[in-house]
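To start, the structure under review is shown below, and the notes come after it.
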Amino acid sequence: MTNPHTVPSIRMNSQTTIPQLGFGVYLLEPSKTQGATEEALELGYRHIDTASIYGNESEVGAAIAASGVNRDELFITSKLWNSDQGTSTTGAAFDRSLDKLGLGYVDLYLIHWPAPALSKVGETWAVLERLFDEGRTRAIGVSNFRPIDLEQLIAKSSIVPAVNQIELHPLFQQRELQEENRKHGILTQAWGPLGQGLYDLSSLTSVSDCATEYGKTPQQVVLRWHVQEQRVVFPKSAHRPRLAENFDIFDFELTPEQIAAISQEDKGQRGGPDPAELN
Ligand code: NAD
């Protein structure tokens with residue numbers, strides 16, 4: 001087992017802290033989720049990123065229960081799906097997530113997508129603020145929000161989102177959106193941190209050069225780049241060797257020049273949906 005304390009944490013505007021490295025469970029079949037999550041917890045992961053739409057919150061909850069890890073050592077995130085946005089539906093959706101996870105609170109609860117055609121973010125956020133005030137989630141945030149979505153939300157609410165979880169990897173870095181997050185005091189979480197396996201990270205010279213120099217894999221170099229850039233990541237894998245590999249990124253350090261070289265790789269190449277269009 002790796003020491004969970006090797007993972008650095010960042011303080012969010014909620015005043016709670018989040019481990020910079022976690023385990024994401026998107027596209028993990030329910031039948032594989034409990035086993036993989038138990039392995040991640042055994043290896044030292046203490047941060048798990050799930051969502052109601054992933055359909056595996058119950059299995060994440062079962063793994064947490066089986067692991068014997070104290071609740072206060074864990075950081076658990078879930079997300080509200082688009083069809084559950086709205087004053088009358090958000091609270092019940094949150095209750096269902098908590099129930100499936102078997103927890104009394106989550107550490108972070110997110111609006112999964114802005115879904116602009118629904119125009120329900122304002123009323124939905126008001127429910128999240130109430131859940132936060134009640135202590136049922138220790139922080140609230142958003143995902144896939146564009147600058148316009150952030151501005152509209154912040155103008156009409158009292159709590160600034162703690163995080164904005166956005167697609168972010170070497171070929172799609174969203175620098176302007178990262179800057180917008182920073183300007184508002186919002187932490188950037190990078191989803192698809194490895195590019196979701198859609199392209200070969202070793203084909204990027206800036207990455208493969210570092211991999212050779214430090215004796216690490218391209219995936220480890222990219223995760224290290226995210227962490228040194230003060231982002232939060234939760235790569236997904238169902239395989240123990242890869243789970244271990246992705247955790248083993250705290251014994252080397254990229255130079256500022258190496259970080260800058262990877263940051264130059266951006267091609268604006270989105271892999272997932274466009275938030276303007278997903279409703
Ligand atoms: P990812 O970038 O983590 O890539 C996952 C792919 O990379 C898988 O195919 C996996 O087998 C492979 N991989 C993982 N580790 C590897 C290694 N060491 N070597 C070689 N290949 C490796 O993509 P993701 O799973 O889509 O994103 C991570 C997490 O982000 C998700 O699990 C989920 O929690 C979250 N997410 C959020 C949103 C959102 O809309 N908020 C969308 C997608 C994902």
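All residue names refer to the structure tokens as shown: chains lettered A, B, ... in order, residues numbered from 1 in each chain, ligands numbered from 1 in order.
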Please report, as CSV, each residue of chain A lying at most 6 Å from ligand 1, together with the nearest pair of atoms and the separation in Å rounded to one decimal; use only C-alpha atoms and all ligand atoms, and order rows by chain and ascending residue number.
residue,atom,partner,partner_atom_place_in_ligand_line,distance
A:Gly24,CA,ligand 1,32 (O),3.3
A:Val25,CA,ligand 1,32 (O),4.1
A:Tyr26,CA,ligand 1,32 (O),3.7
A:Asp49,CA,ligand 1,34 (O),4.6
A:Thr50,CA,ligand 1,34 (O),5.3
A:His112,CA,ligand 1,41 (N),5.7
A:Ser143,CA,ligand 1,41 (N),5.2
A:Gln165,CA,ligand 1,41 (N),5.6
A:Trp191,CA,ligand 1,30 (O),3.9
A:Gly192,CA,ligand 1,2 (O),3.2
A:Pro193,CA,ligand 1,2 (O),4.1
A:Leu194,CA,ligand 1,2 (O),3.3
A:Gly195,CA,ligand 1,2 (O),4.4
A:Gln196,CA,ligand 1,4 (O),3.3
A:Gly197,CA,ligand 1,7 (O),4.5
A:Gln219,CA,ligand 1,18 (N),5.3
A:Phe234,CA,ligand 1,29 (C),5.3
A:Pro235,CA,ligand 1,3 (O),3.4
A:Lys236,CA,ligand 1,3 (O),4.2
A:Ser237,CA,ligand 1,14 (C),4.6
A:Arg242,CA,ligand 1,18 (N),4.4
A:Glu245,CA,ligand 1,18 (N),5.6
A:Asn246,CA,ligand 1,18 (N),5.3
Point to revise | Picked from region 47-179 of chain A by DSSP as helix (DSSP H, G or I), as a ChimeraX atom specification | key: /A:52-54,57-67,71-73,82-84,90-101,116-118,121-133,147-155,175-179
Exercise for review: Find the spatial neighbours of region 144-158 of chain A, counting only C-alpha atoms, within a cut-off of 9 Å - ignore same-chain residues fewer than 6 positions away - and output them as number ranges by chain.
Suggested key: A: 111-114, 116, 121-122, 125-126, 129, 164-167, 176-177, 180-181, 184, 274-276
Which residues come within 8 Å of Phe250 (chain A), counting only C-alpha atoms, excluding same-chain residues fewer than 4 positions away, as an mmCIF file with N, CA and C atoms, in the first residue's frame?
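Okay, this is what ended up in selection-v1.cif:
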data_model
loop_
_atom_site.group_PDB
_atom_site.id
_atom_site.type_symbol
_atom_site.label_atom_id
_atom_site.label_comp_id
_atom_site.auth_asym_id
_atom_site.auth_seq_id
_atom_site.Cartn_x
_atom_site.Cartn_y
_atom_site.Cartn_z
ATOM 1 N N THR A 6 1.126 10.949 0.916
ATOM 2 C CA THR A 6 2.029 11.502 -0.095
ATOM 3 C C THR A 6 1.271 12.382 -1.092
ATOM 4 N N VAL A 7 -0.059 12.291 -1.083
ATOM 5 C CA VAL A 7 -0.850 13.091 -2.035
ATOM 6 C C VAL A 7 -1.086 14.486 -1.456
ATOM 7 N N ARG A 224 1.639 14.264 -13.449
ATOM 8 C CA ARG A 224 2.552 15.132 -12.672
ATOM 9 C C ARG A 224 2.438 16.586 -13.151
#
Point to revise | From A:Thr212, A:Gln173, A:Asn3, A:Gln228, residue lying nearest Gln264 (chain A) [only C-alpha atoms] | key: A:Gln173
Check your understanding: Quick one: of A:Arg71, A:Arg231, A:Arg130, A:Arg96, who's nearest to Ile53 (chain A), counting only C-alpha atoms?
Key -> A:Arg96
Check your understanding: So which one's closest to Glu229 (chain A), A:Ala62, A:Val160, A:Gln20, A:Asp251? Using only C-alpha atoms, please.
Key ->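 Among the listed residues, A:Gln20 lies closest to Glu229 (chain A).
Across the model, the gap from CA of Tyr109 (chain A) to CA of Gly141 (chain A) is 6.2 Å.
Between CA of Leu168 (chain A) and CA of Pro218 (chain A) there is a distance of 15.9 Å.
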Exercise for review: Fewer than 6 positions away in the same chain doesn't count, so skip those; otherwise give me all residues within 12 Å of region 254-260 of chain A, counting only C-alpha atoms, as a PyMOL selection string.
Suggested key: chain A and resi 170+205-211+213-214+216+220-230+266
